[in-house]
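Pasting data.cif here (mmCIF, C-alpha atoms and all ligand atoms):
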```cif
data_run
loop_
_atom_site.label_atom_id
_atom_site.label_comp_id
_atom_site.auth_asym_id
_atom_site.auth_seq_id
_atom_site.Cartn_x
_atom_site.Cartn_y
_atom_site.Cartn_z
CA MET A 74 -107.16 -31.05 -27.41
CA LYS A 75 -106.26 -32.48 -24.02
CA ASN A 76 -108.16 -31.47 -20.91
CA ARG A 77 -106.82 -31.60 -17.36
CA LYS A 78 -109.22 -31.79 -14.46
CA TYR A 79 -109.44 -32.59 -10.76
CA ILE A 80 -111.66 -35.39 -9.56
CA LEU A 81 -112.73 -36.67 -6.15
CA LYS A 82 -110.54 -39.75 -5.66
CA GLU A 83 -111.81 -40.63 -2.19
CA ARG A 84 -114.42 -39.18 0.17
CA PRO A 85 -112.72 -37.55 3.17
CA ARG A 86 -113.73 -38.60 6.65
CA GLY A 87 -112.76 -35.64 8.79
CA GLU A 88 -110.05 -33.39 7.44
CA VAL A 89 -109.74 -33.11 3.67
CA GLY A 90 -106.25 -33.47 2.16
CA LEU A 91 -104.40 -33.85 -1.12
CA GLN A 92 -104.93 -37.62 -0.95
CA HIS A 93 -108.64 -37.13 -1.68
CA ILE A 94 -108.06 -35.20 -4.91
CA GLU A 95 -106.61 -36.44 -8.18
CA MET A 96 -105.66 -34.72 -11.41
CA ILE A 97 -106.42 -36.61 -14.62
CA GLU A 98 -106.08 -35.98 -18.35
CA GLU A 99 -108.64 -36.75 -21.01
CA GLU A 100 -109.65 -35.71 -24.51
CA VAL A 101 -111.81 -32.62 -24.74
CA PRO A 102 -115.22 -33.99 -25.84
CA ASP A 103 -117.01 -33.01 -29.05
CA ILE A 104 -119.85 -30.55 -28.74
CA ARG A 105 -123.39 -30.69 -30.04
CA LYS A 106 -125.80 -27.96 -31.07
CA GLY A 107 -126.38 -25.54 -28.19
CA GLU A 108 -123.05 -26.33 -26.51
CA VAL A 109 -119.74 -24.51 -26.22
CA ILE A 110 -116.19 -25.27 -25.07
CA ILE A 111 -114.69 -22.83 -22.60
CA LYS A 112 -111.06 -22.37 -21.66
CA THR A 113 -111.09 -21.48 -17.99
CA ARG A 114 -109.24 -18.39 -16.77
CA TYR A 115 -110.11 -17.82 -13.09
CA ILE A 116 -111.28 -20.63 -10.83
CA SER A 117 -113.09 -20.14 -7.52
CA VAL A 118 -112.33 -22.39 -4.55
CA ASP A 119 -114.94 -22.30 -1.78
CA PRO A 120 -115.52 -23.86 1.65
CA TYR A 121 -118.86 -25.41 0.56
CA MET A 122 -116.92 -27.72 -1.77
CA ARG A 123 -115.75 -29.61 1.31
CA ASN A 124 -119.39 -30.41 2.14
CA ARG A 125 -120.06 -31.61 -1.39
CA MET A 126 -117.34 -34.22 -0.90
CA ASN A 127 -119.58 -35.94 1.67
CA ASP A 128 -122.14 -38.40 0.36
CA VAL A 129 -125.07 -36.62 2.00
CA LYS A 130 -128.19 -34.90 0.75
CA SER A 131 -127.96 -31.11 0.82
CA TYR A 132 -129.07 -28.09 -1.19
CA VAL A 133 -126.60 -29.14 -3.90
CA PRO A 134 -125.86 -32.77 -4.82
CA PRO A 135 -122.63 -34.37 -3.55
CA TYR A 136 -119.72 -34.73 -5.97
CA ASP A 137 -119.62 -38.15 -7.58
CA LEU A 138 -116.74 -40.39 -6.64
CA ASN A 139 -114.21 -39.95 -9.49
CA GLY A 140 -116.36 -37.07 -10.68
CA LEU A 141 -115.30 -33.51 -11.45
CA LEU A 142 -114.63 -31.22 -8.48
CA GLY A 143 -115.18 -27.50 -8.24
CA GLY A 144 -117.79 -24.90 -9.01
CA ASP A 145 -117.78 -21.42 -10.46
CA ALA A 146 -115.13 -20.13 -12.83
CA THR A 147 -114.64 -17.59 -15.59
CA GLY A 148 -113.40 -18.40 -19.05
CA GLU A 149 -113.26 -17.65 -22.75
CA ILE A 150 -115.28 -19.48 -25.34
CA VAL A 151 -112.93 -21.33 -27.70
CA MET A 152 -115.53 -23.36 -29.65
CA SER A 153 -119.23 -22.73 -30.10
CA LYS A 154 -122.24 -24.49 -31.62
CA CYS A 155 -124.58 -22.04 -29.99
CA GLU A 156 -126.02 -19.04 -31.84
CA GLU A 157 -125.94 -16.82 -28.76
CA TRP A 158 -122.21 -17.25 -28.09
CA LYS A 159 -119.17 -16.69 -30.26
CA VAL A 160 -115.50 -17.58 -29.88
CA GLY A 161 -113.75 -15.02 -27.69
CA ASP A 162 -116.76 -14.20 -25.47
CA LEU A 163 -115.88 -13.90 -21.78
CA VAL A 164 -118.29 -15.81 -19.54
CA CYS A 165 -118.75 -17.25 -16.09
CA GLY A 166 -120.57 -20.34 -14.90
CA SER A 167 -120.12 -23.63 -13.14
CA PHE A 168 -117.14 -25.00 -15.09
CA GLY A 169 -115.38 -26.87 -12.28
CA TRP A 170 -111.68 -27.40 -11.68
CA GLN A 171 -110.66 -28.06 -15.27
CA VAL A 172 -108.88 -26.38 -18.14
CA TYR A 173 -111.59 -26.95 -20.75
CA ALA A 174 -115.28 -27.19 -19.93
CA LYS A 175 -118.06 -28.39 -22.23
CA ILE A 176 -121.28 -26.71 -21.27
CA LYS A 177 -124.71 -25.77 -22.60
CA GLY A 178 -124.84 -22.16 -23.80
CA LYS A 179 -127.96 -21.41 -21.78
CA ARG A 180 -126.03 -22.04 -18.54
CA LEU A 181 -123.58 -19.19 -19.10
CA THR A 182 -123.51 -15.62 -17.78
CA ARG A 183 -121.87 -12.96 -19.90
CA ILE A 184 -119.12 -11.05 -18.12
CA ASP A 185 -119.63 -7.32 -18.39
CA THR A 186 -116.27 -5.79 -17.49
CA SER A 187 -117.87 -2.34 -17.26
CA MET A 188 -119.41 -3.60 -13.98
CA GLY A 189 -116.18 -4.96 -12.54
CA ASP A 190 -112.98 -6.84 -13.37
CA GLU A 191 -113.27 -10.39 -14.64
CA SER A 192 -112.10 -11.84 -11.30
CA ALA A 193 -114.69 -9.74 -9.45
CA TRP A 194 -117.41 -11.80 -11.19
CA LEU A 195 -116.39 -14.65 -8.90
CA GLY A 196 -116.08 -12.37 -5.86
CA ILE A 197 -118.06 -9.26 -5.14
CA LEU A 198 -120.22 -9.64 -8.28
CA GLY A 199 -120.49 -13.42 -7.91
CA LEU A 200 -122.00 -15.69 -5.27
CA THR A 201 -119.62 -14.25 -2.65
CA GLY A 202 -120.89 -10.69 -2.90
CA LEU A 203 -124.49 -11.80 -3.38
CA THR A 204 -124.26 -13.95 -0.23
CA ALA A 205 -122.96 -11.02 1.81
CA TYR A 206 -125.60 -8.70 0.35
CA PHE A 207 -128.69 -10.86 0.89
CA GLY A 208 -127.54 -12.44 4.13
CA LEU A 209 -126.86 -9.12 5.76
CA LEU A 210 -129.64 -6.98 4.30
CA GLN A 211 -132.51 -9.46 4.06
CA LEU A 212 -131.87 -11.53 7.17
CA GLY A 213 -129.67 -9.28 9.31
CA GLN A 214 -131.76 -6.17 8.63
CA PRO A 215 -129.12 -3.82 10.05
CA SER A 216 -129.97 -0.28 11.19
CA ALA A 217 -127.68 2.68 11.69
CA GLY A 218 -126.06 2.68 15.12
CA GLU A 219 -126.48 -1.05 15.67
CA THR A 220 -123.53 -3.32 16.44
CA LEU A 221 -122.80 -5.88 13.75
CA VAL A 222 -120.37 -8.71 14.51
CA ILE A 223 -118.95 -10.82 11.69
CA SER A 224 -117.01 -14.07 12.05
CA GLY A 225 -114.72 -15.15 9.23
CA ALA A 226 -114.53 -11.39 8.73
CA ALA A 227 -111.39 -11.33 6.59
CA GLY A 228 -112.68 -14.05 4.27
CA ALA A 229 -114.51 -13.59 0.98
CA VAL A 230 -118.08 -13.12 2.24
CA GLY A 231 -117.19 -11.61 5.62
CA SER A 232 -115.05 -8.82 4.21
CA ILE A 233 -117.89 -7.70 1.90
CA ALA A 234 -120.63 -8.10 4.54
CA GLY A 235 -118.68 -5.93 7.00
CA GLN A 236 -118.24 -3.14 4.48
CA ILE A 237 -121.94 -3.21 3.56
CA GLY A 238 -122.66 -2.95 7.29
CA LYS A 239 -120.52 0.20 7.43
CA LEU A 240 -122.47 1.68 4.49
CA TYR A 241 -125.66 1.08 6.50
CA GLY A 242 -124.23 2.96 9.50
CA CYS A 243 -123.46 0.00 11.76
CA ARG A 244 -120.64 -0.28 14.23
CA VAL A 245 -118.83 -3.24 12.70
CA VAL A 246 -116.67 -5.65 14.67
CA GLY A 247 -114.80 -8.40 12.83
CA ILE A 248 -113.41 -11.70 14.09
CA ALA A 249 -110.47 -13.19 12.20
CA GLY A 250 -107.59 -15.61 12.69
CA SER A 251 -104.43 -13.48 12.58
CA ASP A 252 -103.13 -10.12 13.78
CA LYS A 253 -102.39 -9.22 10.15
CA LYS A 254 -106.03 -9.80 9.22
CA VAL A 255 -107.16 -7.74 12.22
CA SER A 256 -105.05 -4.78 11.04
CA TYR A 257 -106.31 -5.21 7.50
CA LEU A 258 -109.95 -5.15 8.60
CA LYS A 259 -109.48 -1.95 10.57
CA ASP A 260 -106.96 -0.07 8.40
CA ALA A 261 -108.01 -1.05 4.88
CA LEU A 262 -111.67 -2.06 5.14
CA GLY A 263 -112.83 0.44 7.76
CA PHE A 264 -114.10 -1.99 10.41
CA ASP A 265 -114.50 -0.20 13.76
CA GLU A 266 -112.93 -3.03 15.71
CA ALA A 267 -111.50 -6.46 15.01
CA ILE A 268 -110.15 -9.29 17.11
CA ASN A 269 -107.89 -12.29 16.51
CA TYR A 270 -109.77 -15.24 18.00
CA LYS A 271 -106.59 -17.31 18.09
CA ASN A 272 -105.16 -15.02 20.80
CA TYR A 273 -107.83 -16.04 23.33
CA PRO A 274 -109.14 -19.32 24.79
CA SER A 275 -112.64 -17.83 24.43
CA ILE A 276 -113.62 -14.63 22.64
CA ARG A 277 -116.57 -13.97 24.94
CA LYS A 278 -114.81 -11.53 27.33
CA PRO A 279 -112.52 -9.69 24.88
CA LEU A 280 -115.42 -9.33 22.46
CA LYS A 281 -117.61 -7.93 25.21
CA ASN A 282 -115.08 -5.11 25.62
CA LEU A 283 -115.31 -4.38 21.90
CA CYS A 284 -119.11 -4.45 21.95
CA PRO A 285 -120.06 -2.36 24.99
CA SER A 286 -123.64 -2.01 23.70
CA GLY A 287 -124.02 -5.73 22.97
CA VAL A 288 -124.57 -7.40 19.60
CA ASP A 289 -127.59 -6.59 17.44
CA VAL A 290 -126.66 -8.53 14.32
CA TYR A 291 -124.32 -11.49 14.14
CA PHE A 292 -123.28 -12.61 10.64
CA ASP A 293 -121.99 -16.12 11.25
CA ASN A 294 -119.57 -17.63 8.75
CA VAL A 295 -117.86 -20.10 11.05
CA GLY A 296 -120.04 -21.53 13.86
CA GLY A 297 -118.42 -23.60 16.61
CA GLU A 298 -116.90 -22.05 19.72
CA ILE A 299 -116.59 -18.57 18.22
CA SER A 300 -120.35 -18.42 17.75
CA ASP A 301 -120.94 -19.85 21.22
CA GLY A 302 -119.04 -16.88 22.71
CA ILE A 303 -121.04 -14.35 20.72
CA MET A 304 -124.40 -15.80 21.72
CA TYR A 305 -123.82 -14.59 25.29
CA LEU A 306 -123.53 -11.01 24.04
CA ILE A 307 -126.71 -10.69 21.96
CA ASN A 308 -129.21 -7.92 22.59
CA ASP A 309 -132.98 -8.18 22.65
CA ARG A 310 -134.36 -8.78 19.14
CA ALA A 311 -130.89 -9.71 17.85
CA ARG A 312 -130.68 -11.25 14.39
CA ILE A 313 -128.24 -14.12 13.85
CA VAL A 314 -127.55 -14.80 10.19
CA LEU A 315 -126.42 -18.37 9.62
CA CYS A 316 -124.32 -18.02 6.51
CA GLY A 317 -121.69 -20.75 7.03
CA GLN A 318 -120.21 -23.08 9.62
CA ILE A 319 -116.70 -23.65 8.31
CA ALA A 320 -115.38 -24.62 11.76
CA GLN A 321 -117.39 -27.83 11.41
CA TYR A 322 -116.83 -28.77 7.77
CA ASN A 323 -113.83 -30.97 8.54
CA GLU A 324 -115.38 -32.54 11.65
CA GLY A 325 -116.15 -36.23 11.35
CA ARG A 326 -118.63 -35.90 14.21
CA ILE A 327 -120.18 -32.58 15.15
CA PRO A 328 -119.15 -31.76 18.73
CA THR A 329 -121.92 -30.80 21.13
CA GLY A 330 -121.47 -27.28 22.44
CA PRO A 331 -123.14 -25.36 25.24
CA ARG A 332 -126.91 -25.19 24.93
CA LEU A 333 -127.49 -21.65 23.77
CA ASN A 334 -131.12 -21.65 22.79
CA ALA A 335 -132.02 -20.00 26.09
CA GLN A 336 -130.09 -16.93 24.93
CA LEU A 337 -132.34 -16.68 21.89
CA LEU A 338 -135.42 -17.24 24.00
CA VAL A 339 -134.61 -14.66 26.68
CA HIS A 340 -133.59 -12.04 24.12
CA ARG A 341 -136.41 -12.88 21.65
CA GLY A 342 -133.61 -13.37 19.13
CA ARG A 343 -133.97 -14.75 15.63
CA MET A 344 -131.47 -17.18 14.12
CA GLU A 345 -132.05 -17.91 10.46
CA GLY A 346 -130.17 -19.82 7.82
CA PHE A 347 -130.25 -19.10 4.12
CA ILE A 348 -128.83 -20.23 0.81
CA VAL A 349 -127.88 -17.47 -1.59
CA TYR A 350 -129.95 -19.07 -4.38
CA ASP A 351 -133.08 -18.27 -2.32
CA PHE A 352 -132.69 -14.78 -3.81
CA ILE A 353 -131.91 -15.77 -7.40
CA ASN A 354 -134.70 -13.58 -8.79
CA GLN A 355 -133.05 -10.52 -7.26
CA PHE A 356 -129.47 -11.27 -8.34
CA ASP A 357 -129.41 -8.63 -11.10
CA GLU A 358 -130.48 -5.74 -8.89
CA ALA A 359 -128.07 -6.80 -6.14
CA ARG A 360 -125.24 -7.07 -8.65
CA ASP A 361 -125.99 -3.51 -9.83
CA ALA A 362 -125.77 -2.21 -6.25
CA LEU A 363 -122.57 -4.14 -5.54
CA SER A 364 -121.03 -2.99 -8.82
CA ASN A 365 -121.78 0.67 -8.03
CA TRP A 366 -120.24 0.40 -4.56
CA TYR A 367 -117.20 -1.36 -6.03
CA LYS A 368 -116.70 1.17 -8.83
CA GLU A 369 -117.18 4.10 -6.46
CA ARG A 370 -114.54 2.51 -4.17
CA LYS A 371 -117.07 2.40 -1.34
CA ILE A 372 -116.34 -1.31 -1.05
CA ILE A 373 -112.96 -2.93 -1.57
CA ALA A 374 -113.09 -6.49 -2.86
CA PRO A 375 -109.96 -8.20 -1.50
CA GLU A 376 -108.64 -11.22 -3.39
CA SER A 377 -105.97 -13.87 -2.82
CA ILE A 378 -104.98 -15.22 -6.22
CA ALA A 379 -102.94 -18.40 -6.56
CA LYS A 380 -101.22 -18.91 -9.89
CA SER A 381 -101.39 -22.08 -12.00
CA PHE A 382 -103.65 -25.09 -12.37
CA GLU A 383 -101.42 -27.16 -10.06
CA MET A 384 -102.22 -24.80 -7.17
CA ILE A 385 -105.99 -25.47 -7.15
CA PRO A 386 -106.01 -28.19 -4.44
CA HIS A 387 -103.55 -26.19 -2.30
CA ALA A 388 -105.63 -23.03 -2.58
CA PHE A 389 -108.73 -25.01 -1.59
CA LEU A 390 -107.05 -26.66 1.41
CA GLY A 391 -105.66 -23.26 2.46
CA LEU A 392 -109.21 -22.04 3.13
CA PHE A 393 -109.34 -24.33 6.16
CA LYS A 394 -106.00 -23.04 7.45
CA GLY A 395 -106.87 -19.35 7.12
CA GLU A 396 -104.36 -18.78 4.32
CA ASN A 397 -106.64 -16.54 2.27
CA GLN A 398 -107.53 -12.90 2.79
CA GLY A 399 -110.66 -12.03 0.85
CA LYS A 400 -111.81 -14.15 -2.07
CA GLN A 401 -109.56 -17.11 -2.89
CA LEU A 402 -109.13 -17.62 -6.62
CA VAL A 403 -106.76 -19.48 -8.87
CA SER A 404 -105.61 -17.80 -12.05
CA LEU A 405 -104.85 -19.91 -15.13
CA ILE A 406 -103.81 -16.90 -17.24
N1 LIG A 501 -125.35 -19.61 2.82
C1 LIG A 501 -124.84 -19.47 1.61
O1 LIG A 501 -125.53 -19.43 0.59
C2 LIG A 501 -123.35 -19.36 1.47
C3 LIG A 501 -122.76 -18.92 0.27
C4 LIG A 501 -121.37 -18.77 0.22
C5 LIG A 501 -120.61 -19.09 1.33
N2 LIG A 501 -121.22 -19.55 2.46
C6 LIG A 501 -120.45 -19.87 3.67
O2 LIG A 501 -119.94 -18.67 4.15
C7 LIG A 501 -118.72 -18.90 4.84
C8 LIG A 501 -117.65 -17.99 4.25
O3 LIG A 501 -117.42 -18.37 2.90
P1 LIG A 501 -116.26 -17.68 2.07
O4 LIG A 501 -116.38 -18.14 0.69
O5 LIG A 501 -116.24 -16.25 2.38
O6 LIG A 501 -114.97 -18.36 2.68
P2 LIG A 501 -113.80 -17.69 3.48
O7 LIG A 501 -114.28 -16.94 4.66
O8 LIG A 501 -112.90 -16.98 2.58
O9 LIG A 501 -113.20 -19.05 4.06
C9 LIG A 501 -112.01 -19.27 4.58
C10 LIG A 501 -111.76 -18.61 5.96
O10 LIG A 501 -112.49 -19.27 7.01
C11 LIG A 501 -111.75 -19.17 8.22
N3 LIG A 501 -111.72 -20.47 8.87
C12 LIG A 501 -111.28 -21.64 8.37
N4 LIG A 501 -111.40 -22.62 9.26
C13 LIG A 501 -111.89 -22.06 10.40
C14 LIG A 501 -112.22 -22.54 11.69
N5 LIG A 501 -112.06 -23.83 12.01
N6 LIG A 501 -112.70 -21.67 12.60
C15 LIG A 501 -112.87 -20.37 12.30
N7 LIG A 501 -112.58 -19.84 11.09
C16 LIG A 501 -112.09 -20.68 10.16
C17 LIG A 501 -110.34 -18.75 7.85
O11 LIG A 501 -110.15 -17.42 8.30
P3 LIG A 501 -109.40 -17.10 9.69
O12 LIG A 501 -107.97 -16.86 9.38
O13 LIG A 501 -110.12 -15.89 10.14
O14 LIG A 501 -109.60 -18.29 10.59
C18 LIG A 501 -110.32 -18.78 6.32
O15 LIG A 501 -109.50 -17.78 5.76
C19 LIG A 501 -118.40 -20.37 4.66
O16 LIG A 501 -118.77 -21.07 5.82
C20 LIG A 501 -119.26 -20.78 3.48
O17 LIG A 501 -119.58 -22.14 3.50
C21 LIG A 501 -122.55 -19.69 2.55
#
```
Let me see whether you can do it: turn the structure in this file into structure tokens.
Ligand SMILES: NC(=O)c1ccc[n+]([C@@H]2O[C@H](COP(=O)([O-])OP(=O)(O)OC[C@H]3O[C@@H](n4cnc5c(N)ncnc54)[C@H](OP(=O)(O)O)[C@@H]3O)[C@@H](O)[C@H]2O)c1
Amino acid sequence: MKNRKYILKERPRGEVGLQHIEMIEEEVPDIRKGEVIIKTRYISVDPYMRNRMNDVKSYVPPYDLNGLLGGDATGEIVMSKCEEWKVGDLVCGSFGWQVYAKIKGKRLTRIDTSMGDESAWLGILGLTGLTAYFGLLQLGQPSAGETLVISGAAGAVGSIAGQIGKLYGCRVVGIAGSDKKVSYLKDALGFDEAINYKNYPSIRKPLKNLCPSGVDVYFDNVGGEISDGIMYLINDRARIVLCGQIAQYNEGRIPTGPRLNAQLLVHRGRMEGFIVYDFINQFDEARDALSNWYKERKIIAPESIAKSFEMIPHAFLGLFKGENQGKQLVSLI
């Protein structure tokens, strides 16, 4: 059997492009006891993969040069030397951007389609949904009546976090990069207000109009100038959840913004970063809650699904151009 996979051809300095990614073919390796071969079906592309292309120490190791790219995927077991798994089982795990993955059986999660569709295991029931859930509830600690602002609101994590905020009785205001996304947030996902940041040189004033009572919780997916504008609107005891900083991932040098720490000081605010794996011991209970909301249609899990293996690099690069609405996946089926 031949495998096709994407490797990191060159480390990007600044903006990532197709020139940094290469597709290669190789033989599918033999497996040993305890291992399986998976044929991938849905592949997740995520902003954090850009950071793993840099040769820097982080919470996950960088990709090796000429090494496999990618992260989570779903797939079907097509060969097994592992007692726990049989051919035909549907699983998810870190298979990377490849058609066939060899992996140890103990590193697989069984997909239970009674909890949600297969693709949802990479979205609302995967790291995306878990990130929204723990970031908002554990760090944001929202209360009914509070104003919750979300940047990257029409993206994978943001769209789920906003809807959880609504379930907790917040007034939810989303920031996104197109008028179409703004309408989607309000009409389909039930956000109270939304704003297209690309229509304004600074969102500080227009956002102030949408948040007459100030901002109690800010769920930050993007950082940069959008976050600078929001910091001037925070209330006393505001919680700022540092989930992601996508506006900076393609920056060669991080630009210095206004000094905003005084805002935190004066308002006794709390800004806290997190990595979803901090909550790994609570993943099962969170997944149950997310699955119930999803099945009861209390939360919609939007997806953008590109078709075919060839589309993987394009779908990934599209994340940085705002091409996705909800979770960006690539389907190989
Ligand atoms: N802490 C954790 O454990 C954890 C886990 C998962 C994800 N994250 C982070 O959470 C954030 C959201 O992740 P996701 O998977 O849901 O991705 P996502 O929001 O679906 O990512 C793509 C979106 O980001 C927006 N974007 C791209 N470049 C931008 C820029 N320069 N300025 C402002 N917005 C920009 C675009 O939307 P617009 O059209 O609105 O611009 C785009 O559609 C990312 O920063 C990610 O790294 C953190």
Residues within 8 Å of ligand LIG 501 (chain A), counting all atoms listed in the file: report them as a PyMOL selection string.
chain A and resi 118-121+200-201+204+208+224-232+248-251+254+269-270+293-297+299+315-321+346-350+391-401
Counting all atoms listed in the file, the option among A:Pro386, A:Gly90, A:Pro85, A:Pro375 closest to A:Ala193
A:Pro375
With a distance cut-off of 6 Å and all atoms listed in the file, select the neighbouring residues of A:Val290, excluding the residue or stretch itself and same-chain residues fewer than 4 positions from it, and output the selection as an MDAnalysis selection string.
chainID A and resid 213 221 311:313
Can you pull out every residue within 12 Å of A:Asn334, counting all atoms listed in the file, but drop anything in the same chain fewer than 6 positions away, and send it as a ChimeraX atom specification?
/A:301,304-305,307,340-344
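What separates atom CA of A:Val222 from atom CA of A:Ala374 is a distance of 19.0 Å.
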Nearest residue to A:Gly107 from the set A:Cys155, A:Leu209, A:Leu141, A:Leu333 (distances using only C-alpha atoms):
A:Cys155
Please provide as a PyMOL selection string all residues within 12 Å of A:Met126, with the sequence filter that same-chain residues fewer than 2 positions apart are discarded (counting only C-alpha atoms).
chain A and resi 80-90+93-94+120-124+128-131+133-143+322-323
Any chance you can output those residues with C-alpha atoms as an mmCIF file, keeping the file's coordinate frame?
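What landed in selection-v9.cif:
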```cif
data_model
loop_
_atom_site.group_PDB
_atom_site.id
_atom_site.type_symbol
_atom_site.label_atom_id
_atom_site.label_comp_id
_atom_site.auth_asym_id
_atom_site.auth_seq_id
_atom_site.Cartn_x
_atom_site.Cartn_y
_atom_site.Cartn_z
ATOM 1 C CA ILE A 80 -111.660 -35.390 -9.560
ATOM 2 C CA LEU A 81 -112.730 -36.670 -6.150
ATOM 3 C CA LYS A 82 -110.540 -39.750 -5.660
ATOM 4 C CA GLU A 83 -111.810 -40.630 -2.190
ATOM 5 C CA ARG A 84 -114.420 -39.180 0.170
ATOM 6 C CA PRO A 85 -112.720 -37.550 3.170
ATOM 7 C CA ARG A 86 -113.730 -38.600 6.650
ATOM 8 C CA GLY A 87 -112.760 -35.640 8.790
ATOM 9 C CA GLU A 88 -110.050 -33.390 7.440
ATOM 10 C CA VAL A 89 -109.740 -33.110 3.670
ATOM 11 C CA GLY A 90 -106.250 -33.470 2.160
ATOM 12 C CA HIS A 93 -108.640 -37.130 -1.680
ATOM 13 C CA ILE A 94 -108.060 -35.200 -4.910
ATOM 14 C CA PRO A 120 -115.520 -23.860 1.650
ATOM 15 C CA TYR A 121 -118.860 -25.410 0.560
ATOM 16 C CA MET A 122 -116.920 -27.720 -1.770
ATOM 17 C CA ARG A 123 -115.750 -29.610 1.310
ATOM 18 C CA ASN A 124 -119.390 -30.410 2.140
ATOM 19 C CA ASP A 128 -122.140 -38.400 0.360
ATOM 20 C CA VAL A 129 -125.070 -36.620 2.000
ATOM 21 C CA LYS A 130 -128.190 -34.900 0.750
ATOM 22 C CA SER A 131 -127.960 -31.110 0.820
ATOM 23 C CA VAL A 133 -126.600 -29.140 -3.900
ATOM 24 C CA PRO A 134 -125.860 -32.770 -4.820
ATOM 25 C CA PRO A 135 -122.630 -34.370 -3.550
ATOM 26 C CA TYR A 136 -119.720 -34.730 -5.970
ATOM 27 C CA ASP A 137 -119.620 -38.150 -7.580
ATOM 28 C CA LEU A 138 -116.740 -40.390 -6.640
ATOM 29 C CA ASN A 139 -114.210 -39.950 -9.490
ATOM 30 C CA GLY A 140 -116.360 -37.070 -10.680
ATOM 31 C CA LEU A 141 -115.300 -33.510 -11.450
ATOM 32 C CA LEU A 142 -114.630 -31.220 -8.480
ATOM 33 C CA GLY A 143 -115.180 -27.500 -8.240
ATOM 34 C CA TYR A 322 -116.830 -28.770 7.770
ATOM 35 C CA ASN A 323 -113.830 -30.970 8.540
#
```
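Here atom CA of A:Ser381 and atom CA of A:Ile116 stand 10.1 Å from one another.
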Computed interatomic separation between atom CA of A:Ser117 and atom CA of A:Arg183 (Å)
16.8 Å
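The closest residue to A:Trp170, picked from A:Lys154, A:Arg77, A:Arg125, A:Arg277 and counting only C-alpha atoms, is A:Arg77.
Proximity of A:Glu376, A:Gly302, A:Val288, A:Glu324 to A:Asn127, computed with all atoms listed in the file, is greatest for A:Glu324.
Comparing A:Asp351, A:Glu298, A:Asp260, A:Asp145 by their smallest distance to A:Ser192, the closest is A:Asp145 (using all atoms listed in the file).
Shortest separation to A:Ile303 among A:Met188, A:Ile237, A:Ile223, A:Val101 occurs at residue A:Ile223, atoms counted being only C-alpha atoms.
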Would you kindly return, as a list in words, each protein, DNA or RNA residue with an atom no farther than 7 Å from any atom of A:Leu181, considering only C-alpha atoms and excluding same-chain residues fewer than 6 positions away?
Val164, Cys165 and Gly166 of chain A
Contacts of stretch 240-243 of chain A at 7 Å (only C-alpha atoms; same-chain gap of 6+ positions) as a ChimeraX atom specification
/A:215-221
